[in-house]
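The block underneath contains the structure these notes are about, expressed in structure tokens.
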Amino acid sequence: MIDTVGYFLEDNLVTNKLEQVTIQTIKNLLHIFLYNNVFYYKDQIYTLTKGSPNTMPLSDALSNIFLFTWQKKILKEIKSKNEFFGRYKDQKLIGTNEPFLNAFVENQNGELFTRVYHNPILPRYTLPYVVGHSKLAHGDWFRSALIRAVCYCSSIENFNLERIYLELTCLVNGYSIFCVENNVQHFFGYFHADTMRYLKDQTMYDKFWQDWFGYMTMQYELSDKLQTFNDNDCLIHLNYLYEFGPKCQFNQ
């Protein structure tokens, strides 16, 4: 691993330094990290003699560097065969179509096609088990599932099929048509795209799709800011569990 990182830096750095740190210094620091990973378990202290813990951010960086050369070689082969390659940590896929991390990914004549993947072994039309206020929790799940649907589905036809499936799942489990409609309208109304629900315009859907990806990026940034506020004891949590009364007044 240390030698691989050294070769990687030599191939990709103009000078022998990364900012103010030399490649040899980086290799020395890696040696300290890899050979001094210790952990405590049941009143005993253990040392990792092989590999490094996957909970450490540096471990991810090291594995990506280690696989970089191998991936370059295999990508040359894949490009010539009209296939694609994907990897998430130690999970990888190679082929013209594959289910991967709850998404179905396909190469349709050079165009990337994606949709939500449902494992045929798992039961359909079921809601997740929740503890506490089920209506609130399932409402959050429904909204998250709709966001996932628009982010995963590259075509408007597949998005509509997934949306209908989610609506039916809520109805089958006893939620009213009013509750479902309220969540769906709020989802489309967030970007003033109420007519999207009844249209089959791929161009409009592409814009809607991009808007949600922009929204997700903004949410990640906001989450980081909120975590900083929380770490500094500068965040106040206000929880209102019901749709009527105090929650409506507070929102206004």
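As shown in the structure tokens, the chain order sets the letters A, B, ...; within each chain, residues go from 1, and ligands are also counted from 1 in the order they appear.
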
(request) Run DSSP on the backbone and give me the residues of segment 11-113 of chain A it puts in strand (DSSP E), as a PyMOL selection string. (result) chain A and resi 17-18+21-22+38-41+44-47+84-88+91-95+97-100+103-108+111-113

Residues near Phe8 of chain A, cut-off 12 Å, only C-alpha atoms, skip fewer than 5 positions along chain, as a short mmCIF file (atom, residue, chain, number, x, y, z; two decimals) with N, CA and C atoms, in the first residue's frame:
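The file below, result_32.cif, is the result:
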data_model
loop_
_atom_site.label_atom_id
_atom_site.label_comp_id
_atom_site.auth_asym_id
_atom_site.auth_seq_id
_atom_site.Cartn_x
_atom_site.Cartn_y
_atom_site.Cartn_z
N MET A 1 0.83 -1.20 0.00
CA MET A 1 0.00 0.00 0.00
C MET A 1 0.87 1.26 0.00
N ILE A 2 1.89 1.27 0.84
CA ILE A 2 2.76 2.45 0.92
C ILE A 2 3.47 2.68 -0.40
N ASP A 3 3.99 1.61 -1.02
CA ASP A 3 4.66 1.75 -2.32
C ASP A 3 3.69 2.24 -3.39
N LEU A 13 2.07 14.16 -9.46
CA LEU A 13 2.55 15.43 -8.93
C LEU A 13 3.64 15.99 -9.84
N VAL A 14 3.60 17.28 -10.06
CA VAL A 14 4.62 17.92 -10.90
C VAL A 14 5.96 17.92 -10.18
N ASN A 16 8.10 16.95 -6.26
CA ASN A 16 8.20 15.86 -5.30
C ASN A 16 7.41 16.14 -4.03
N LEU A 18 3.56 17.43 -2.08
CA LEU A 18 2.12 17.71 -2.07
C LEU A 18 1.95 18.88 -1.12
N ILE A 23 6.94 13.50 -0.72
CA ILE A 23 6.37 12.16 -0.89
C ILE A 23 6.93 11.20 0.15
N ILE A 26 5.13 11.66 3.40
CA ILE A 26 3.80 11.05 3.34
C ILE A 26 3.90 9.54 3.54
N LYS A 27 4.88 8.91 2.90
CA LYS A 27 5.06 7.47 3.07
C LYS A 27 5.42 7.12 4.51
N LEU A 62 -7.06 5.55 0.77
CA LEU A 62 -6.01 4.58 0.42
C LEU A 62 -6.54 3.49 -0.51
N ASN A 64 -9.03 3.76 -2.62
CA ASN A 64 -9.26 4.36 -3.95
C ASN A 64 -7.96 4.50 -4.73
N ILE A 65 -6.90 4.91 -4.04
CA ILE A 65 -5.59 5.03 -4.70
C ILE A 65 -5.07 3.65 -5.12
N PHE A 66 -5.26 2.66 -4.25
CA PHE A 66 -4.77 1.32 -4.52
C PHE A 66 -5.44 0.72 -5.75
N LEU A 67 -6.75 1.02 -5.93
CA LEU A 67 -7.51 0.47 -7.05
C LEU A 67 -7.41 1.32 -8.32
N PHE A 68 -6.80 2.50 -8.21
CA PHE A 68 -6.79 3.45 -9.33
C PHE A 68 -6.12 2.85 -10.57
N THR A 69 -4.94 2.27 -10.39
CA THR A 69 -4.20 1.70 -11.53
C THR A 69 -4.97 0.54 -12.15
N TRP A 70 -5.51 -0.32 -11.31
CA TRP A 70 -6.29 -1.47 -11.79
C TRP A 70 -7.52 -1.00 -12.57
#

(request) Assign secondary structure with DSSP using the backbone only, and return the residues of segment 46-97 of chain A in helix (DSSP H, G or I) as a ChimeraX atom specification. (result) /A:57-79

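Of the listed residues A:Ser63, A:Ser223, A:Asn102, A:Gln71, the one whose atoms come nearest to Arg148 of chain A is A:Asn102, with distances taken using only C-alpha atoms.
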
(request) Quick one: everything within 9 Å of Asn173 of chain A, counting only C-alpha atoms, minus sequence neighbours fewer than 2 positions away in the same chain. Send it as a ChimeraX atom specification. (result) /A:125-127,168-171,175

Expected file: the selected residues, all heavy atoms, as a compact mmCIF listing (two decimals), in the first residue's frame:
# COMPACT_ATOMS: atom_id res chain seq x y z
N TYR A 125 -45.43 -3.43 -1.69
CA TYR A 125 -46.51 -2.65 -1.08
C TYR A 125 -46.48 -2.73 0.45
O TYR A 125 -47.51 -2.89 1.10
CB TYR A 125 -47.89 -3.10 -1.61
CG TYR A 125 -48.00 -3.04 -3.11
CD1 TYR A 125 -47.95 -4.19 -3.89
CD2 TYR A 125 -48.12 -1.82 -3.77
CE1 TYR A 125 -48.02 -4.14 -5.26
CE2 TYR A 125 -48.20 -1.75 -5.16
CZ TYR A 125 -48.14 -2.92 -5.89
OH TYR A 125 -48.21 -2.86 -7.26
N THR A 126 -45.31 -2.61 1.03
CA THR A 126 -45.18 -2.61 2.49
C THR A 126 -44.51 -1.32 2.93
O THR A 126 -43.62 -0.80 2.25
CB THR A 126 -44.35 -3.81 2.98
OG1 THR A 126 -43.06 -3.78 2.35
CG2 THR A 126 -45.04 -5.12 2.67
N LEU A 127 -44.94 -0.82 4.07
CA LEU A 127 -44.33 0.38 4.64
C LEU A 127 -43.29 -0.03 5.68
O LEU A 127 -43.39 -1.10 6.29
CB LEU A 127 -45.41 1.24 5.32
CG LEU A 127 -46.41 1.93 4.39
CD1 LEU A 127 -47.49 2.61 5.22
CD2 LEU A 127 -45.72 2.95 3.50
N LEU A 168 -49.91 3.75 -4.14
CA LEU A 168 -50.68 2.54 -3.85
C LEU A 168 -50.21 1.89 -2.55
O LEU A 168 -51.03 1.35 -1.78
CB LEU A 168 -50.55 1.54 -5.01
CG LEU A 168 -51.30 1.89 -6.29
CD1 LEU A 168 -50.93 0.91 -7.41
CD2 LEU A 168 -52.81 1.87 -6.06
N THR A 169 -48.90 1.94 -2.29
CA THR A 169 -48.37 1.36 -1.05
C THR A 169 -48.99 2.03 0.16
O THR A 169 -49.39 1.35 1.13
CB THR A 169 -46.84 1.51 -1.02
OG1 THR A 169 -46.27 0.81 -2.12
CG2 THR A 169 -46.27 0.96 0.27
N CYS A 170 -49.11 3.36 0.13
CA CYS A 170 -49.73 4.09 1.25
C CYS A 170 -51.22 3.77 1.35
O CYS A 170 -51.74 3.56 2.45
CB CYS A 170 -49.51 5.58 1.07
SG CYS A 170 -47.79 6.11 1.28
N LEU A 171 -51.91 3.73 0.21
CA LEU A 171 -53.35 3.45 0.23
C LEU A 171 -53.65 2.04 0.73
O LEU A 171 -54.57 1.83 1.52
CB LEU A 171 -53.94 3.65 -1.17
CG LEU A 171 -53.92 5.09 -1.71
CD1 LEU A 171 -54.34 5.12 -3.17
CD2 LEU A 171 -54.85 5.98 -0.88
N TYR A 175 -53.79 4.49 4.61
CA TYR A 175 -53.76 5.95 4.59
C TYR A 175 -54.79 6.48 3.60
O TYR A 175 -55.03 5.87 2.55
CB TYR A 175 -52.36 6.46 4.25
CG TYR A 175 -51.42 6.35 5.42
CD1 TYR A 175 -50.54 5.27 5.52
CD2 TYR A 175 -51.43 7.29 6.44
CE1 TYR A 175 -49.69 5.15 6.61
CE2 TYR A 175 -50.58 7.18 7.53
CZ TYR A 175 -49.72 6.10 7.62
OH TYR A 175 -48.88 5.98 8.71

(request) For Leu101 of chain A, please output as a ChimeraX atom specification all residues within 12 Å (counting only C-alpha atoms; exclusion window: fewer than 6 positions along the same chain). (result) /A:86-89,91-93,114-119,148,152

Go ahead and dump the residues you just picked, N, CA, C and O atoms, as a tab-separated table (two decimals), in the first residue's frame.
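Output file part30.tsv is given in full below:
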chain	number	residue	atom	x	y	z
A	86	GLY	N	-18.91	0.48	-12.35
A	86	GLY	CA	-19.23	1.28	-11.18
A	86	GLY	C	-18.70	0.60	-9.94
A	86	GLY	O	-18.67	-0.62	-9.85
A	87	ARG	N	-18.28	1.41	-8.96
A	87	ARG	CA	-17.78	0.84	-7.71
A	87	ARG	C	-18.19	1.73	-6.57
A	87	ARG	O	-18.14	2.95	-6.64
A	88	TYR	N	-18.67	1.09	-5.49
A	88	TYR	CA	-18.93	1.79	-4.24
A	88	TYR	C	-18.21	1.03	-3.13
A	88	TYR	O	-18.60	-0.06	-2.76
A	89	LYS	N	-17.07	1.58	-2.69
A	89	LYS	CA	-16.21	0.91	-1.71
A	89	LYS	C	-15.83	-0.48	-2.23
A	89	LYS	O	-15.16	-0.59	-3.23
A	91	GLN	N	-17.99	-2.80	-3.31
A	91	GLN	CA	-19.00	-3.34	-4.22
A	91	GLN	C	-18.76	-2.77	-5.62
A	91	GLN	O	-18.56	-1.58	-5.78
A	92	LYS	N	-18.82	-3.64	-6.62
A	92	LYS	CA	-18.59	-3.16	-7.98
A	92	LYS	C	-19.57	-3.82	-8.93
A	92	LYS	O	-20.17	-4.85	-8.63
A	93	LEU	N	-19.77	-3.18	-10.09
A	93	LEU	CA	-20.61	-3.78	-11.14
A	93	LEU	C	-19.94	-3.56	-12.48
A	93	LEU	O	-19.31	-2.53	-12.73
A	114	THR	N	-31.40	4.82	-15.95
A	114	THR	CA	-31.52	4.37	-14.57
A	114	THR	C	-32.98	4.41	-14.10
A	114	THR	O	-33.78	5.20	-14.60
A	115	ARG	N	-33.29	3.57	-13.14
A	115	ARG	CA	-34.60	3.57	-12.48
A	115	ARG	C	-34.45	2.89	-11.12
A	115	ARG	O	-33.40	2.32	-10.81
A	116	VAL	N	-35.49	2.98	-10.30
A	116	VAL	CA	-35.47	2.32	-8.99
A	116	VAL	C	-35.56	0.81	-9.19
A	116	VAL	O	-36.33	0.32	-10.02
A	117	TYR	N	-34.75	0.08	-8.43
A	117	TYR	CA	-34.76	-1.38	-8.51
A	117	TYR	C	-35.46	-1.96	-7.28
A	117	TYR	O	-35.14	-1.60	-6.15
A	118	HIS	N	-36.44	-2.84	-7.52
A	118	HIS	CA	-37.13	-3.53	-6.44
A	118	HIS	C	-36.71	-5.00	-6.45
A	118	HIS	O	-36.93	-5.69	-7.44
A	119	ASN	N	-36.13	-5.43	-5.36
A	119	ASN	CA	-35.70	-6.82	-5.25
A	119	ASN	C	-36.92	-7.75	-5.31
A	119	ASN	O	-37.84	-7.61	-4.48
A	148	ARG	N	-36.17	10.02	-3.96
A	148	ARG	CA	-35.32	8.96	-4.51
A	148	ARG	C	-35.79	8.56	-5.91
A	148	ARG	O	-34.97	8.33	-6.81
A	152	TYR	N	-33.44	8.71	-9.15
A	152	TYR	CA	-33.04	7.44	-9.75
A	152	TYR	C	-33.56	7.26	-11.17
A	152	TYR	O	-32.90	6.60	-11.98

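The space between atom CA of Phe33 of chain A and atom CA of Lys50 of chain A spans 12.0 Å.
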
(message) So that I can see what lies close to segment 160-162 of chain A, please list as a VMD selection string the residues with an atom at most 7 Å from it, counting only C-alpha atoms and leaving out residues fewer than 4 positions away in the same chain.
(response) chain A and resid 149 156 166

Please produce a file of those selected residues containing C-alpha atoms, as a compact mmCIF listing (two decimals), in the first residue's frame.
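Okay, out-v3.txt is ready:
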# COMPACT_ATOMS: atom_id res chain seq x y z
CA ALA A 149 -37.65 8.11 -7.41
CA ILE A 156 -40.53 10.27 -16.96
CA LEU A 166 -45.61 4.52 -3.78

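Of the listed residues (A:Ile94, A:Leu29, A:Glu111, A:Leu235), A:Leu29 comes nearest to Leu58 of chain A; the distances count only C-alpha atoms.
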
(message) Report, in Å with one decimal, the straight-line distance from atom CA of Glu83 of chain A to atom CA of Glu98 of chain A.
(response) 10.6 Å

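Using only C-alpha atoms, the shortest contact distance between Leu112 of chain A and any of A:Cys153, A:Val38, A:Phe250, A:Thr47 is found at A:Cys153.
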
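Taking atom CA of Pro128 of chain A as the reference point, atom CA of Phe159 of chain A is found at 20.9 Å.
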
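Closest approach to Asp140 of chain A among A:Ile164, A:Asn183, A:Asn28, A:Cys234 is made by A:Asn183 (distances from only C-alpha atoms).
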